[in-house]
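Q: Sharing model04.csv (CSV, C-alpha atoms and all ligand atoms) below.
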chain,number,residue,atom,x,y,z
A,447,ARG,CA,-75.4,20.0,15.1
A,448,LYS,CA,-73.9,17.9,12.3
A,449,ILE,CA,-71.4,15.2,13.0
A,450,ARG,CA,-67.9,16.5,12.2
A,451,VAL,CA,-65.8,14.0,10.3
A,452,ALA,CA,-62.1,14.5,9.7
A,453,VAL,CA,-61.2,13.0,6.3
A,454,ILE,CA,-57.5,12.4,6.2
A,455,PHE,CA,-55.8,11.6,2.9
A,456,GLY,CA,-52.5,11.7,0.9
A,457,GLY,CA,-49.8,10.6,3.2
A,458,ARG,CA,-46.2,9.7,2.9
A,459,SER,CA,-46.4,6.3,1.1
A,460,PRO,CA,-46.1,5.7,-2.6
A,461,GLU,CA,-49.9,5.3,-2.6
A,462,HIS,CA,-50.3,9.1,-1.9
A,463,GLU,CA,-52.1,9.8,-5.1
A,464,ILE,CA,-54.4,6.8,-4.9
A,465,SER,CA,-55.4,8.0,-1.4
A,466,CYS,CA,-56.3,11.4,-2.8
A,467,VAL,CA,-58.5,9.8,-5.4
A,468,THR,CA,-60.2,7.7,-2.7
A,469,ALA,CA,-60.8,10.9,-0.7
A,470,GLY,CA,-62.2,12.7,-3.7
A,471,GLY,CA,-64.8,10.0,-4.0
A,472,VAL,CA,-65.7,9.9,-0.4
A,473,ILE,CA,-65.9,13.6,0.1
A,474,SER,CA,-68.2,14.1,-2.9
A,475,ALA,CA,-70.5,11.2,-1.8
A,476,ILE,CA,-70.7,11.9,1.9
A,477,ASP,CA,-74.2,12.8,3.2
A,478,THR,CA,-73.8,16.5,3.9
A,479,ASP,CA,-77.1,16.8,5.6
A,480,ARG,CA,-75.7,14.7,8.4
A,481,TYR,CA,-72.0,15.2,8.3
A,482,GLU,CA,-69.6,18.2,8.2
A,483,VAL,CA,-66.3,17.2,6.5
A,484,VAL,CA,-63.0,18.6,7.6
A,485,PRO,CA,-60.6,17.6,4.8
A,486,ILE,CA,-57.1,17.2,6.0
A,487,GLY,CA,-54.3,16.4,3.5
A,488,ILE,CA,-50.9,14.9,4.5
A,489,ALA,CA,-48.3,16.1,2.0
A,490,ARG,CA,-45.5,13.8,0.9
A,491,ASP,CA,-43.1,15.6,3.3
A,492,GLY,CA,-45.4,14.6,6.2
A,493,SER,CA,-46.9,18.0,6.9
A,494,TRP,CA,-50.6,18.2,7.6
A,495,VAL,CA,-52.7,20.9,5.8
A,496,LEU,CA,-56.3,21.9,5.9
A,497,TYR,CA,-57.4,21.1,2.3
A,498,SER,CA,-59.2,24.1,1.0
A,499,ALA,CA,-59.3,23.4,-2.8
A,500,ASP,CA,-62.2,21.8,-4.6
A,501,PRO,CA,-62.4,18.1,-3.8
A,502,GLY,CA,-63.4,17.6,-7.4
A,503,GLN,CA,-59.7,18.0,-8.2
A,504,LEU,CA,-58.9,14.8,-6.2
A,505,ALA,CA,-59.4,12.6,-9.3
A,506,ILE,CA,-57.4,11.1,-12.1
A,507,VAL,CA,-57.7,13.5,-15.1
A,508,ASP,CA,-56.2,12.4,-18.4
A,509,GLY,CA,-53.9,9.9,-16.7
A,510,ARG,CA,-52.6,12.6,-14.3
A,511,LEU,CA,-52.8,11.7,-10.6
A,512,PRO,CA,-53.8,14.2,-7.9
A,513,GLU,CA,-51.6,15.1,-4.9
A,514,VAL,CA,-51.7,17.2,-1.7
A,515,HIS,CA,-49.8,20.5,-1.9
A,516,THR,CA,-48.4,22.2,1.1
A,517,SER,CA,-50.1,25.5,0.2
A,518,GLY,CA,-53.1,25.1,2.6
A,519,PRO,CA,-53.1,26.3,6.2
A,520,GLU,CA,-50.8,24.1,8.2
A,521,LEU,CA,-52.1,22.0,11.1
A,522,ALA,CA,-50.4,21.2,14.4
A,523,VAL,CA,-50.9,17.5,15.2
A,524,PRO,CA,-52.0,17.0,18.8
A,525,PHE,CA,-50.4,14.1,20.7
A,526,SER,CA,-52.6,13.4,23.6
A,527,GLY,CA,-56.2,13.6,24.8
A,528,ALA,CA,-57.3,16.1,22.3
A,529,THR,CA,-59.0,15.7,19.0
A,530,ASP,CA,-58.9,19.5,18.7
A,531,LEU,CA,-56.6,20.4,15.8
A,532,ILE,CA,-54.7,23.7,15.8
A,533,VAL,CA,-54.5,25.6,12.6
A,534,LEU,CA,-51.3,27.5,12.2
A,535,GLU,CA,-51.5,30.7,10.2
A,536,GLY,CA,-48.2,32.5,10.1
A,537,ASP,CA,-47.4,33.6,13.6
A,538,SER,CA,-51.0,33.2,14.8
A,539,SER,CA,-53.0,30.0,15.4
A,540,ARG,CA,-56.6,29.1,15.9
A,541,ARG,CA,-58.5,26.1,17.1
A,542,LEU,CA,-60.2,24.1,14.5
A,543,GLY,CA,-62.6,22.6,17.1
A,544,GLY,CA,-63.0,19.0,17.9
A,545,PHE,CA,-64.3,16.3,15.5
A,546,ASP,CA,-66.4,13.3,16.2
A,547,ALA,CA,-64.9,10.7,13.9
A,548,VAL,CA,-61.9,10.3,11.7
A,549,LEU,CA,-61.7,8.6,8.3
A,550,PRO,CA,-58.1,7.8,7.7
A,551,LEU,CA,-58.3,7.2,3.9
A,552,LEU,CA,-54.6,6.4,3.7
A,553,HIS,CA,-53.0,3.5,1.9
A,554,GLY,CA,-49.7,1.9,2.6
A,555,PRO,CA,-47.0,2.6,5.2
A,556,LEU,CA,-47.5,5.5,7.6
A,557,GLY,CA,-51.3,5.3,7.0
A,558,GLU,CA,-52.5,1.8,6.7
A,559,ASP,CA,-49.9,0.1,8.9
A,560,GLY,CA,-50.9,1.1,12.5
A,561,THR,CA,-48.7,4.1,12.8
A,562,ILE,CA,-51.4,6.8,12.4
A,563,GLN,CA,-53.8,4.5,14.2
A,564,GLY,CA,-51.4,4.7,17.2
A,565,LEU,CA,-51.6,8.5,17.0
A,566,PHE,CA,-55.4,8.3,17.0
A,567,GLU,CA,-55.4,6.1,20.1
A,568,MET,CA,-53.2,8.7,21.8
A,569,MET,CA,-55.7,11.4,20.9
A,570,ASP,CA,-58.7,9.3,22.0
A,571,ALA,CA,-60.1,9.8,18.5
A,572,ARG,CA,-62.8,7.5,17.1
A,573,TYR,CA,-61.4,6.3,13.7
A,574,ALA,CA,-62.7,4.0,11.0
A,575,GLY,CA,-60.9,0.8,10.2
A,576,ALA,CA,-58.5,-1.6,11.8
A,577,GLY,CA,-56.7,-0.8,15.0
A,578,VAL,CA,-52.9,-0.6,15.6
A,579,PHE,CA,-52.1,-4.3,15.6
A,580,ALA,CA,-54.4,-5.5,12.9
A,581,SER,CA,-53.2,-2.6,10.6
A,582,ALA,CA,-49.6,-3.5,11.2
A,583,ALA,CA,-50.0,-7.2,10.8
A,584,SER,CA,-52.1,-6.8,7.7
A,585,MET,CA,-49.6,-4.4,6.1
A,586,ASP,CA,-46.6,-6.7,6.7
A,587,LYS,CA,-47.1,-9.6,4.3
A,588,VAL,CA,-44.6,-11.8,6.3
A,589,PHE,CA,-46.5,-11.5,9.6
A,590,MET,CA,-49.8,-11.7,7.7
A,591,LYS,CA,-48.8,-15.1,6.2
A,592,ALA,CA,-47.7,-16.4,9.6
A,593,LEU,CA,-51.2,-15.5,11.0
A,594,PHE,CA,-52.8,-17.2,7.9
A,595,THR,CA,-50.9,-20.3,8.6
A,596,GLY,CA,-51.7,-20.2,12.3
A,597,HIS,CA,-55.4,-20.0,11.5
A,598,GLY,CA,-55.3,-22.7,8.8
A,599,ILE,CA,-56.2,-20.1,6.1
A,600,PRO,CA,-55.1,-21.4,2.7
A,601,THR,CA,-52.3,-19.4,1.2
A,602,GLY,CA,-49.4,-19.9,-1.2
A,603,ASP,CA,-45.7,-20.7,-0.3
A,604,TYR,CA,-43.2,-18.0,0.3
A,605,VAL,CA,-39.8,-17.0,1.6
A,606,ALA,CA,-39.3,-14.0,3.9
A,607,VAL,CA,-36.2,-11.9,3.0
A,608,PRO,CA,-35.5,-9.6,5.9
A,609,ASP,CA,-32.7,-7.0,5.4
A,610,ARG,CA,-30.3,-8.8,7.7
A,611,MET,CA,-30.6,-12.1,5.8
A,612,TRP,CA,-30.3,-10.4,2.4
A,613,ARG,CA,-27.1,-8.8,3.5
A,614,GLY,CA,-25.6,-11.7,5.5
A,615,GLU,CA,-27.0,-14.9,4.2
A,616,ARG,CA,-27.8,-14.2,0.5
A,617,LYS,CA,-26.8,-17.6,-0.8
A,618,ARG,CA,-29.1,-19.5,1.5
A,619,VAL,CA,-31.9,-17.1,0.8
A,620,LEU,CA,-31.5,-17.5,-3.0
A,621,ASP,CA,-31.4,-21.3,-2.5
A,622,ASP,CA,-34.7,-21.1,-0.6
A,623,ILE,CA,-36.2,-19.0,-3.3
A,624,ALA,CA,-35.0,-21.4,-6.0
A,625,ASP,CA,-36.7,-24.2,-4.0
A,626,LEU,CA,-40.1,-22.4,-4.5
A,627,GLY,CA,-39.7,-23.4,-8.2
A,628,GLY,CA,-41.4,-21.9,-11.2
A,629,THR,CA,-42.6,-18.3,-11.3
A,630,VAL,CA,-42.3,-16.1,-8.3
A,631,PHE,CA,-43.6,-12.7,-7.2
A,632,VAL,CA,-41.1,-10.5,-5.4
A,633,LYS,CA,-42.7,-7.8,-3.2
A,634,PRO,CA,-41.9,-5.2,-0.6
A,635,ALA,CA,-43.2,-6.8,2.6
A,636,ARG,CA,-45.1,-3.6,3.4
A,637,GLY,CA,-46.6,-1.9,0.5
A,638,GLY,CA,-49.6,-1.7,-1.8
A,639,SER,CA,-51.0,-0.8,-5.2
A,640,SER,CA,-48.4,-3.3,-6.5
A,641,VAL,CA,-45.7,-0.7,-6.1
A,642,GLY,CA,-42.2,-2.4,-6.2
A,643,ILE,CA,-43.6,-5.8,-7.2
A,644,SER,CA,-41.9,-7.9,-9.9
A,645,LYS,CA,-42.8,-11.2,-11.5
A,646,VAL,CA,-39.9,-13.5,-12.1
A,647,PRO,CA,-40.6,-16.4,-14.5
A,648,ASP,CA,-37.9,-18.7,-13.1
A,649,ALA,CA,-37.2,-18.9,-9.3
A,650,SER,CA,-33.7,-20.4,-10.0
A,651,ASP,CA,-32.7,-17.5,-12.2
A,652,THR,CA,-30.4,-15.9,-9.6
A,653,ASP,CA,-29.7,-12.7,-11.5
A,654,ALA,CA,-33.4,-12.0,-12.2
A,655,VAL,CA,-34.4,-12.8,-8.6
A,656,THR,CA,-31.6,-10.6,-7.3
A,657,ALA,CA,-32.7,-7.6,-9.5
A,658,ALA,CA,-36.3,-8.1,-8.3
A,659,VAL,CA,-35.3,-8.2,-4.7
A,660,GLU,CA,-33.2,-5.0,-5.1
A,661,ALA,CA,-36.2,-3.3,-6.8
A,662,ALA,CA,-38.5,-4.3,-3.9
A,663,ARG,CA,-35.8,-3.1,-1.4
A,664,ARG,CA,-36.0,0.4,-2.8
A,665,HIS,CA,-39.4,0.5,-1.1
A,666,ASP,CA,-38.9,-1.7,1.9
A,667,PRO,CA,-35.7,-3.3,3.4
A,668,LYS,CA,-38.0,-6.3,4.2
A,669,VAL,CA,-39.0,-8.3,1.2
A,670,ILE,CA,-41.2,-11.4,0.6
A,671,VAL,CA,-40.9,-13.8,-2.3
A,672,GLU,CA,-44.0,-15.8,-3.2
A,673,ALA,CA,-44.6,-18.8,-5.4
A,674,ALA,CA,-47.0,-17.7,-8.2
A,675,VAL,CA,-50.5,-19.2,-7.9
A,676,PRO,CA,-51.7,-19.8,-11.5
A,677,GLY,CA,-55.4,-19.1,-11.7
A,678,ARG,CA,-58.1,-16.4,-11.6
A,679,GLU,CA,-58.0,-13.4,-9.3
A,680,VAL,CA,-61.0,-12.7,-7.0
A,681,GLU,CA,-61.6,-10.1,-4.3
A,682,CYS,CA,-64.1,-9.9,-1.5
A,683,GLY,CA,-65.2,-7.0,0.8
A,684,VAL,CA,-65.7,-7.4,4.5
A,685,LEU,CA,-67.5,-5.1,6.9
A,686,GLU,CA,-67.7,-5.2,10.7
A,687,SER,CA,-71.2,-6.0,11.8
A,688,LEU,CA,-73.1,-3.2,13.4
A,689,GLU,CA,-74.9,-5.7,15.6
A,690,GLY,CA,-71.7,-7.2,17.0
A,691,GLY,CA,-72.0,-10.6,15.2
A,692,ALA,CA,-69.9,-12.2,12.5
A,693,PRO,CA,-68.7,-9.7,9.8
A,694,ASP,CA,-70.7,-9.1,6.7
A,695,VAL,CA,-69.1,-10.3,3.4
A,696,SER,CA,-69.9,-8.8,0.0
A,697,GLN,CA,-70.4,-10.6,-3.3
A,698,PRO,CA,-66.9,-11.4,-4.7
A,699,ALA,CA,-65.5,-9.7,-7.8
A,700,GLU,CA,-63.3,-11.3,-10.4
A,701,ILE,CA,-60.5,-9.1,-11.8
A,702,HIS,CA,-59.8,-9.1,-15.5
A,703,VAL,CA,-56.4,-7.6,-16.1
A,704,ALA,CA,-56.3,-5.6,-19.3
A,705,ASP,CA,-54.4,-7.1,-22.3
A,706,GLY,CA,-50.7,-6.4,-22.4
A,707,PHE,CA,-50.1,-6.6,-18.7
A,708,ASP,CA,-48.3,-9.5,-17.1
A,709,PHE,CA,-50.2,-9.1,-13.8
A,710,TYR,CA,-52.3,-6.6,-11.9
A,711,ASP,CA,-49.6,-4.0,-11.5
A,712,PHE,CA,-50.0,-0.3,-10.7
A,713,GLU,CA,-50.7,0.7,-14.3
A,714,ALA,CA,-53.1,-2.2,-14.9
A,715,LYS,CA,-55.0,-1.2,-11.7
A,716,TYR,CA,-55.5,2.5,-12.2
A,717,LEU,CA,-54.5,3.5,-15.7
A,718,SER,CA,-55.9,0.8,-18.0
A,719,THR,CA,-59.0,-0.9,-19.1
A,720,SER,CA,-58.8,-3.7,-16.5
A,721,GLY,CA,-62.3,-4.6,-15.4
A,722,LEU,CA,-64.3,-6.5,-12.8
A,723,THR,CA,-67.1,-9.0,-13.0
A,724,ILE,CA,-69.4,-8.7,-10.0
A,725,PRO,CA,-70.6,-11.1,-8.8
A,726,ALA,CA,-67.7,-13.3,-9.9
A,727,GLU,CA,-68.9,-16.1,-12.2
A,728,LEU,CA,-67.7,-19.1,-10.2
A,729,PRO,CA,-69.2,-22.3,-9.0
A,730,VAL,CA,-71.6,-21.6,-6.0
A,731,GLU,CA,-69.5,-23.7,-3.6
A,732,VAL,CA,-66.3,-21.8,-4.6
A,733,VAL,CA,-68.1,-18.5,-3.9
A,734,ALA,CA,-69.3,-19.8,-0.6
A,735,GLU,CA,-65.7,-20.9,0.3
A,736,ILE,CA,-64.3,-17.5,-0.7
A,737,ARG,CA,-66.8,-15.6,1.4
A,738,ARG,CA,-66.2,-17.9,4.4
A,739,GLU,CA,-62.4,-17.4,4.1
A,740,ALA,CA,-62.8,-13.7,3.7
A,741,ALA,CA,-64.6,-13.5,7.1
A,742,ARG,CA,-62.1,-15.9,8.7
A,743,THR,CA,-59.2,-13.8,7.4
A,744,PHE,CA,-60.8,-10.6,8.7
A,745,GLU,CA,-61.1,-12.2,12.1
A,746,ALA,CA,-57.7,-13.9,12.1
A,747,LEU,CA,-56.0,-10.5,11.7
A,748,GLY,CA,-58.3,-8.9,14.3
A,749,CYS,CA,-59.6,-6.4,11.8
A,750,GLU,CA,-62.3,-3.8,12.6
A,751,GLY,CA,-64.5,-1.6,10.3
A,752,LEU,CA,-63.6,-2.8,6.8
A,753,ALA,CA,-61.2,-4.8,4.8
A,754,ARG,CA,-60.8,-6.3,1.3
A,755,VAL,CA,-59.4,-9.8,1.0
A,756,ASP,CA,-57.6,-10.7,-2.2
A,757,PHE,CA,-57.8,-14.3,-3.5
A,758,PHE,CA,-56.7,-16.7,-6.2
A,759,TYR,CA,-59.0,-19.4,-7.5
A,760,GLY,CA,-56.2,-21.7,-8.5
A,761,ASP,CA,-56.2,-23.8,-11.7
A,762,ASP,CA,-55.9,-26.7,-9.2
A,763,GLY,CA,-59.5,-25.9,-8.1
A,764,ARG,CA,-58.3,-24.6,-4.7
A,765,VAL,CA,-58.9,-21.2,-3.1
A,766,TYR,CA,-55.9,-19.3,-1.8
A,767,VAL,CA,-55.9,-16.0,0.1
A,768,ASN,CA,-53.3,-13.7,-1.4
A,769,GLU,CA,-53.5,-10.8,1.1
A,770,ILE,CA,-55.7,-8.5,3.1
A,771,ASN,CA,-56.0,-4.7,2.8
A,772,THR,CA,-57.3,-2.8,5.8
A,773,MET,CA,-58.0,0.4,3.8
A,774,PRO,CA,-58.9,-0.8,0.4
A,775,GLY,CA,-59.1,1.6,-2.6
A,776,PHE,CA,-62.3,3.4,-2.2
A,777,THR,CA,-62.8,5.5,-5.3
A,778,PRO,CA,-66.3,5.1,-6.9
A,779,SER,CA,-64.8,2.8,-9.5
A,780,SER,CA,-62.7,0.7,-7.0
A,781,ALA,CA,-63.6,-2.9,-6.4
A,782,PHE,CA,-64.6,-2.5,-2.8
A,783,PRO,CA,-67.5,0.0,-3.2
A,784,GLN,CA,-68.6,-1.8,-6.4
A,785,MET,CA,-68.8,-5.2,-4.6
A,786,TRP,CA,-70.9,-3.6,-1.9
A,787,ALA,CA,-73.1,-1.8,-4.4
A,788,GLU,CA,-73.8,-5.2,-6.0
A,789,SER,CA,-74.5,-6.6,-2.5
A,790,GLY,CA,-77.1,-3.9,-1.8
A,791,LEU,CA,-75.1,-1.1,-0.1
A,792,ASP,CA,-74.5,2.0,-2.3
A,793,TYR,CA,-71.5,4.2,-2.1
A,794,THR,CA,-73.0,6.9,0.2
A,795,SER,CA,-74.4,4.2,2.5
A,796,LEU,CA,-71.0,2.5,2.6
A,797,VAL,CA,-69.3,5.8,3.7
A,798,ASP,CA,-72.1,6.2,6.3
A,799,ARG,CA,-71.4,2.7,7.6
A,800,MET,CA,-67.7,3.5,7.9
A,801,ILE,CA,-68.5,6.6,9.9
A,802,GLN,CA,-71.0,4.7,12.1
A,803,THR,CA,-68.5,2.0,13.0
A,804,ALA,CA,-66.0,4.8,13.9
A,805,LEU,CA,-68.5,6.6,16.1
A,806,ARG,CA,-69.3,3.4,18.0
A,807,ARG,CA,-65.6,2.7,18.6
A,808,ALA,CA,-64.7,2.9,22.3
A,809,PRO,CA,-61.3,4.5,22.8
A,810,GLY,CA,-58.7,2.3,24.4
A,811,LEU,CA,-58.5,-1.5,24.5
A,812,ARG,CA,-61.3,-3.5,22.9
A,901,LIG,P1,-53.1,-3.9,-3.3
A,901,LIG,O1,-52.8,-3.6,-1.9
A,901,LIG,O2,-53.2,-2.7,-4.2
A,901,LIG,O3,-54.1,-5.0,-3.6
A,901,LIG,P2,-50.4,-5.1,-3.1
A,901,LIG,O4,-49.3,-4.1,-3.5
A,901,LIG,O5,-50.6,-5.4,-1.7
A,901,LIG,O6,-51.7,-4.6,-3.9
A,901,LIG,P3,-50.6,-7.9,-4.1
A,901,LIG,O7,-52.1,-7.8,-4.1
A,901,LIG,O8,-50.0,-8.8,-3.1
A,901,LIG,O9,-50.0,-6.4,-4.0
A,901,LIG,O10,-50.1,-8.3,-5.5
A,901,LIG,C1,-50.4,-7.5,-6.6
A,901,LIG,C2,-50.8,-8.3,-7.8
A,901,LIG,O11,-49.7,-9.2,-8.2
A,901,LIG,C3,-51.9,-9.2,-7.6
A,901,LIG,O12,-53.2,-8.6,-7.7
A,901,LIG,C4,-51.7,-10.3,-8.7
A,901,LIG,O13,-52.0,-9.8,-10.0
A,901,LIG,C5,-50.2,-10.4,-8.7
A,901,LIG,N1,-49.7,-11.4,-7.7
A,901,LIG,C6,-49.2,-11.2,-6.5
A,901,LIG,N2,-48.9,-12.3,-5.8
A,901,LIG,C7,-49.2,-13.3,-6.6
A,901,LIG,C8,-49.0,-14.7,-6.6
A,901,LIG,N3,-48.5,-15.3,-5.5
A,901,LIG,N4,-49.5,-15.5,-7.6
A,901,LIG,C9,-50.0,-14.9,-8.7
A,901,LIG,N5,-50.1,-13.6,-8.9
A,901,LIG,C10,-49.7,-12.8,-7.9
A,902,MG,MG,-52.3,-5.1,-0.6
A,903,MG,MG,-53.5,-2.2,-0.6
A,904,MG,MG,-53.8,-7.0,-3.6
Is it possible to give me this structure as structure tokens?

A:
Amino acid sequence: RKIRVAVIFGGRSPEHEISCVTAGGVISAIDTDRYEVVPIGIARDGSWVLYSADPGQLAIVDGRLPEVHTSGPELAVPFSGATDLIVLEGDSSRRLGGFDAVLPLLHGPLGEDGTIQGLFEMMDARYAGAGVFASAASMDKVFMKALFTGHGIPTGDYVAVPDRMWRGERKRVLDDIADLGGTVFVKPARGGSSVGISKVPDASDTDAVTAAVEAARRHDPKVIVEAAVPGREVECGVLESLEGGAPDVSQPAEIHVADGFDFYDFEAKYLSTSGLTIPAELPVEVVAEIRREAARTFEALGCEGLARVDFFYGDDGRVYVNEINTMPGFTPSSAFPQMWAESGLDYTSLVDRMIQTALRRAPGLR
């Protein structure tokens, strides 16, 4: 029989729509001779539905973003020892049957942050991607930075702004931020797709910093403020080795943010003419360093399956790791699959590789 793969998408984070686009790409590329897809949408309100519409609708059309509607049959989420989902149909219910692997194609909190991974562990499900801890640590830019520092991974300066400090010690926090000097980026500590991020040209402009922190806090009570790294933006894909050795690293991509954007914000990412150069045109030794640091970052965070590591190649000639994403954007036009295509792994093979790493995953502690 075919291998049954539950593809889970949507979710409760602001990256709901991007996750839908990712799922549209994966579902249409999956090798249907080998795999049977069970498409499961998580609506914004958190309900799980069996997605019965045409996956072709999971795409950006004329700048309109897709989403999961709660109209499909609702699913009961099992909490222990069962990958057997129950379909609820009015007063009756039926078993959907078990599945062999799960692709949680979810971005952001409650999807890419260890929470749903914890549910999969409880279910003994074999899922693609990072486990509970690696997902949580990679999603939280403050803990992520601490792990970078602990492993000697080069990264820019920052100030953590937890809720308690913002409410209780604001003056000291603003002084620490001013000490970063120059331009700063203010981010929700746990987010993605640049949602809630602002660029503030002067770290000592208290009013502008305060407005940016408040904007980030609309998404997360925990905020991080980072010194801007002037330079070029580069990304690199990482995949767990199927042989158990060091992870495989793709060719890096350089990001070219479309004209008229101040940085790679949500609109520049998905709704503009921003482009990629793959492989990035950088000195060979810089490419080698980026690829080495990508693998080190993957291992420092304890990642599994896949990840995309975001870099700056600073005007000072140094390489900085910006952040890691444990479920990178995976639409056919996203950087992650394109970097792998350029490295000899086409989109369908990449999806296959994700499923294979999930199937090999032993439930429980690894
Ligand atoms: P995603 O997960 O979609 O990659 P994110 O929401 O986790 O994005 P970041 O990648 O941290 O956000 O930042 C988004 C963008 O903001 C970067 O791609 C870059 O353009 C800009 N940026 C962020 N931090 C810095 C920095 N310290 N220096 C210069 N530019 C920055
Ligand atoms: Mg990110
Ligand atoms: Mg992300
Ligand atoms: Mg990023």

Q: Pull the neighbourhood of (-24.1, -17.9, -6.9) for me: all residues within 12 Å in file coordinates, counting all atoms listed in the file, as a PyMOL selection string.

A: chain A and resi 615-621+624+650-653+655-656

Q: Go ahead and save the residues from that selection, with C-alpha atoms, as a compact mmCIF listing (two decimals), keeping the file's coordinate frame.

A:
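Contents of result.txt, as written:
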# COMPACT_ATOMS: atom_id res chain seq x y z
CA GLU A 615 -27.00 -14.90 4.20
CA ARG A 616 -27.80 -14.20 0.50
CA LYS A 617 -26.80 -17.60 -0.80
CA ARG A 618 -29.10 -19.50 1.50
CA VAL A 619 -31.90 -17.10 0.80
CA LEU A 620 -31.50 -17.50 -3.00
CA ASP A 621 -31.40 -21.30 -2.50
CA ALA A 624 -35.00 -21.40 -6.00
CA SER A 650 -33.70 -20.40 -10.00
CA ASP A 651 -32.70 -17.50 -12.20
CA THR A 652 -30.40 -15.90 -9.60
CA ASP A 653 -29.70 -12.70 -11.50
CA VAL A 655 -34.40 -12.80 -8.60
CA THR A 656 -31.60 -10.60 -7.30

Q: Near Pro667 in chain A, within 9 Å and counting only C-alpha atoms, which residues show up once chain neighbours fewer than 4 positions away are dropped, as a ChimeraX atom specification?

A: /A:607-610,612,634-635,662-663

Q: Neighbouring residues of ligand LIG 901 (chain A) are defined here as those with any atom at most 9 Å from a ligand atom, counting all atoms listed in the file; list them as a PyMOL selection string.

A: chain A and resi 461+553-554+585+587+601-604+629-645+671-680+701+703+708-712+715+754-758+768-775

Q: What residues have an atom no more than 10 Å from (-55.1, 0.8, 21.5) in the file's own frame, counting all atoms listed in the file, and can you write them as a compact mmCIF listing (two decimals) with C-alpha atoms, keeping the file's coordinate frame?

A:
# COMPACT_ATOMS: atom_id res chain seq x y z
CA GLY A 560 -50.90 1.10 12.50
CA GLN A 563 -53.80 4.50 14.20
CA GLY A 564 -51.40 4.70 17.20
CA LEU A 565 -51.60 8.50 17.00
CA PHE A 566 -55.40 8.30 17.00
CA GLU A 567 -55.40 6.10 20.10
CA MET A 568 -53.20 8.70 21.80
CA ASP A 570 -58.70 9.30 22.00
CA GLY A 577 -56.70 -0.80 15.00
CA VAL A 578 -52.90 -0.60 15.60
CA PHE A 579 -52.10 -4.30 15.60
CA ALA A 808 -64.70 2.90 22.30
CA PRO A 809 -61.30 4.50 22.80
CA GLY A 810 -58.70 2.30 24.40
CA LEU A 811 -58.50 -1.50 24.50
CA ARG A 812 -61.30 -3.50 22.90

Q: What does the distance between CA of Leu496 in chain A and CA of Ser539 in chain A come to in Å, to one decimal place?

A: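 Interatomic distance here is 12.9 Å.
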
Q: Taking only C-alpha atoms and all ligand atoms into account, name the residue in A:Ala469, A:Ala489, A:Leu551, A:Ala746 that is nearest to ligand MG 903 (chain A).

A: A:Leu551

Q: Quote the spacing between CA of Arg447 in chain A and CA of Phe545 in chain A in Å to one decimal place.

A: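 Calculated distance between CA of Arg447 in chain A and CA of Phe545 in chain A is 11.7 Å.
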
Q: Restricting the calculation to all atoms listed in the file: of A:Ser493, A:Ser538, A:Gln802, A:Ser581, which residue gets closest to ligand MG 902 (chain A)?

A: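 Of A:Ser493, A:Ser538, A:Gln802, A:Ser581, the one nearest ligand MG 902 (chain A) is A:Ser581, counting all atoms listed in the file.
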
Q: What is the CA of Thr719 in chain A-CA of Ser779 in chain A distance in Å, reported with one decimal?

A: 11.8 Å
